[in-house]
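These notes concern the structure reproduced below.
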Amino acid sequence: MNGLAARINDALPQTQCTRCGYPDCAGYAQAIADGEAGINQCPPGGAEGIERLAQLTGRPALPLDPQFGTEGPRAMAVIDEAWCIGCTLCLDACPTDAIIGIHKRMHTVIEAHCTGCELCIPVCPVDCISLEVETPGRSGWQAWSQAQAEAALQRYKLHAQHRETAKREAEPAPAAAEPQAADTRKRSIVEAALARARATAEQRQAATKP
């Protein structure tokens with residue numbers, strides 16, 4: 001990430017909701033810096049977020065592009081414990097590890113860690129996750145803070161590390177390559193055995209001749 005992209009990323013709310021069309025806030029920041037994305041694609045940042053990006057990039061502030069969503073109060077995910085089957089799909093989907101639980105056991109949301117990204121909603125096979133408004137009457141950066149954004153970013157980085165570690169642990173270990181010296185010794189042993197076998201066969205043939 002270049003300098004401008006890093007500054008843009010710092011100005012984003014770090015909800016990691018992907019509503020901007022990119023896989024995370026850093027990806028969106030880089031796309032803005034590269035001139036590949038508009039500054040009006042982040043619903044969680046809202047109008048104030050667009051103003052921040054306009055100041056950083058020198059571009060004119062525009063209304064939020066409706067194809068990416070609308071500005072609104074911050075929501076929090078809530079799991080209906082009576083319907084939760086413990087499938088763990090929401091654990092993988094949550095970018096900030098705000099959901100805790102184990103396989104086939106009820107899950108719950110840690111309110112302080114939830115960014116309202118909504119990514120857990122579509123992956124739930126029993127539709128037991130809903131959203132509750134956390135900041136009625138307040139939207140965009142009025143419903144969020146820089147401290148919350150920084151905390152969410154740190155949790156997102158930890159989440160990515162956990163996923164990478166789990167991926168590596170799930171991969172089969174590569175077969176250990178035998179040292180060249182060991183291969184040489186094996187070939188020598190085999191060749192010696194073959195030589196002995198040939199010698200034995202020749203001796204037997206000589207003994208049977210009249």
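Note on naming: chains are A, B, ... as they come in the structure tokens, residues start from 1 per chain, ligands start from 1 in the order shown.
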
Practice task
List the neighbours of His162 (chain A) out to 12 Å using only C-alpha atoms; skip same-chain residues closer than 3 positions along the sequence, and give me the result as a list in words.
Solution key: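 Returned residues: Leu91, Asp92, Pro95, Thr96, Asp97, Arg155, Tyr156, Lys157, Leu158, His159, Thr165, Ala166, Lys167, Arg168 and Glu169 of chain A.
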
Practice task
Please provide as a VMD selection string all residues within 10 Å of Pro73 (chain A), with the sequence filter that same-chain residues fewer than 6 positions apart are discarded (counting only C-alpha atoms).
Solution key: chain A and resid 44 116 132 to 144

Exercise for the section: May I ask which of the residues A:Gln55, A:Gln16, A:Thr108, A:Asn2 is the closest one to Gln154 (chain A), counting only C-alpha atoms? Expected result: A:Gln16

Exercise for the section: Just the residues within 9 Å of Asn9 (chain A), please, counting only C-alpha atoms, with nothing from its chain fewer than 4 positions along; format it as number ranges by chain. Expected result: A: 4-5, 13-14, 25-30

Exercise for the section: Name all residues at most 10 Å from region 101-104 of chain A (count only C-alpha atoms; drop same-chain ones fewer than 4 positions away) and give them as an MDAnalysis selection string. Expected result: chainID A and resid 84:91 108:109

Kindly export the residues of the current selection with N, CA, C and O atoms, as a PDB file, in the first residue's frame.
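Heads up, here's the output in out.pdb:
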ATOM      1  N   CYS A  84     -30.091 -21.302  16.708  1.00  0.00           N
ATOM      2  CA  CYS A  84     -28.703 -21.523  16.310  1.00  0.00           C
ATOM      3  C   CYS A  84     -28.349 -23.005  16.390  1.00  0.00           C
ATOM      4  O   CYS A  84     -28.605 -23.670  17.395  1.00  0.00           O
ATOM      5  N   ILE A  85     -27.756 -23.545  15.317  1.00  0.00           N
ATOM      6  CA  ILE A  85     -27.389 -24.963  15.281  1.00  0.00           C
ATOM      7  C   ILE A  85     -25.880 -25.173  15.449  1.00  0.00           C
ATOM      8  O   ILE A  85     -25.384 -26.289  15.370  1.00  0.00           O
ATOM      9  N   GLY A  86     -25.142 -24.077  15.649  1.00  0.00           N
ATOM     10  CA  GLY A  86     -23.706 -24.203  15.873  1.00  0.00           C
ATOM     11  C   GLY A  86     -22.922 -24.636  14.657  1.00  0.00           C
ATOM     12  O   GLY A  86     -21.948 -25.381  14.770  1.00  0.00           O
ATOM     13  N   CYS A  87     -23.309 -24.156  13.472  1.00  0.00           N
ATOM     14  CA  CYS A  87     -22.637 -24.592  12.241  1.00  0.00           C
ATOM     15  C   CYS A  87     -21.261 -23.948  12.061  1.00  0.00           C
ATOM     16  O   CYS A  87     -20.471 -24.417  11.254  1.00  0.00           O
ATOM     17  N   THR A  88     -21.001 -22.847  12.752  1.00  0.00           N
ATOM     18  CA  THR A  88     -19.738 -22.087  12.744  1.00  0.00           C
ATOM     19  C   THR A  88     -19.488 -21.300  11.459  1.00  0.00           C
ATOM     20  O   THR A  88     -18.433 -20.693  11.313  1.00  0.00           O
ATOM     21  N   LEU A  89     -20.434 -21.283  10.520  1.00  0.00           N
ATOM     22  CA  LEU A  89     -20.227 -20.529   9.286  1.00  0.00           C
ATOM     23  C   LEU A  89     -20.098 -19.031   9.562  1.00  0.00           C
ATOM     24  O   LEU A  89     -19.337 -18.335   8.896  1.00  0.00           O
ATOM     25  N   CYS A  90     -20.829 -18.551  10.548  1.00  0.00           N
ATOM     26  CA  CYS A  90     -20.768 -17.126  10.867  1.00  0.00           C
ATOM     27  C   CYS A  90     -19.429 -16.754  11.490  1.00  0.00           C
ATOM     28  O   CYS A  90     -18.962 -15.621  11.350  1.00  0.00           O
ATOM     29  N   LEU A  91     -18.786 -17.702  12.172  1.00  0.00           N
ATOM     30  CA  LEU A  91     -17.479 -17.429  12.767  1.00  0.00           C
ATOM     31  C   LEU A  91     -16.458 -17.110  11.678  1.00  0.00           C
ATOM     32  O   LEU A  91     -15.647 -16.190  11.821  1.00  0.00           O
ATOM     33  N   THR A 108     -22.812 -16.675  20.096  1.00  0.00           N
ATOM     34  CA  THR A 108     -23.302 -15.370  20.542  1.00  0.00           C
ATOM     35  C   THR A 108     -22.393 -14.283  20.011  1.00  0.00           C
ATOM     36  O   THR A 108     -21.246 -14.547  19.619  1.00  0.00           O
ATOM     37  N   VAL A 109     -22.888 -13.052  19.974  1.00  0.00           N
ATOM     38  CA  VAL A 109     -22.162 -11.918  19.430  1.00  0.00           C
ATOM     39  C   VAL A 109     -21.612 -11.065  20.566  1.00  0.00           C
ATOM     40  O   VAL A 109     -22.329 -10.747  21.513  1.00  0.00           O
TER      41      VAL A 109
END

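The spacing separating CA of Ile50 (chain A) from CA of Leu119 (chain A) amounts to 22.7 Å.
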
Problem - CA of Ala93 (chain A) to CA of Val123 (chain A), distance in Å rounded to a single decimal - result: 7.4 Å

Practice task
List every residue of region 34-173 of chain A that DSSP, applied to the backbone of this structure, assigns to strand (DSSP E), and report them as a ChimeraX atom specification.
Solution key: /A:75-79,99-100,108-109,129-133

Handout entry: Pick from A:Glu118, A:Glu150, A:Asp10, A:Glu171 nearest to Leu56 (chain A), counting only C-alpha atoms
Key = A:Asp10

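The gap separating CA of Glu48 (chain A) from CA of Leu62 (chain A) is 10.8 Å, in Å to one decimal.
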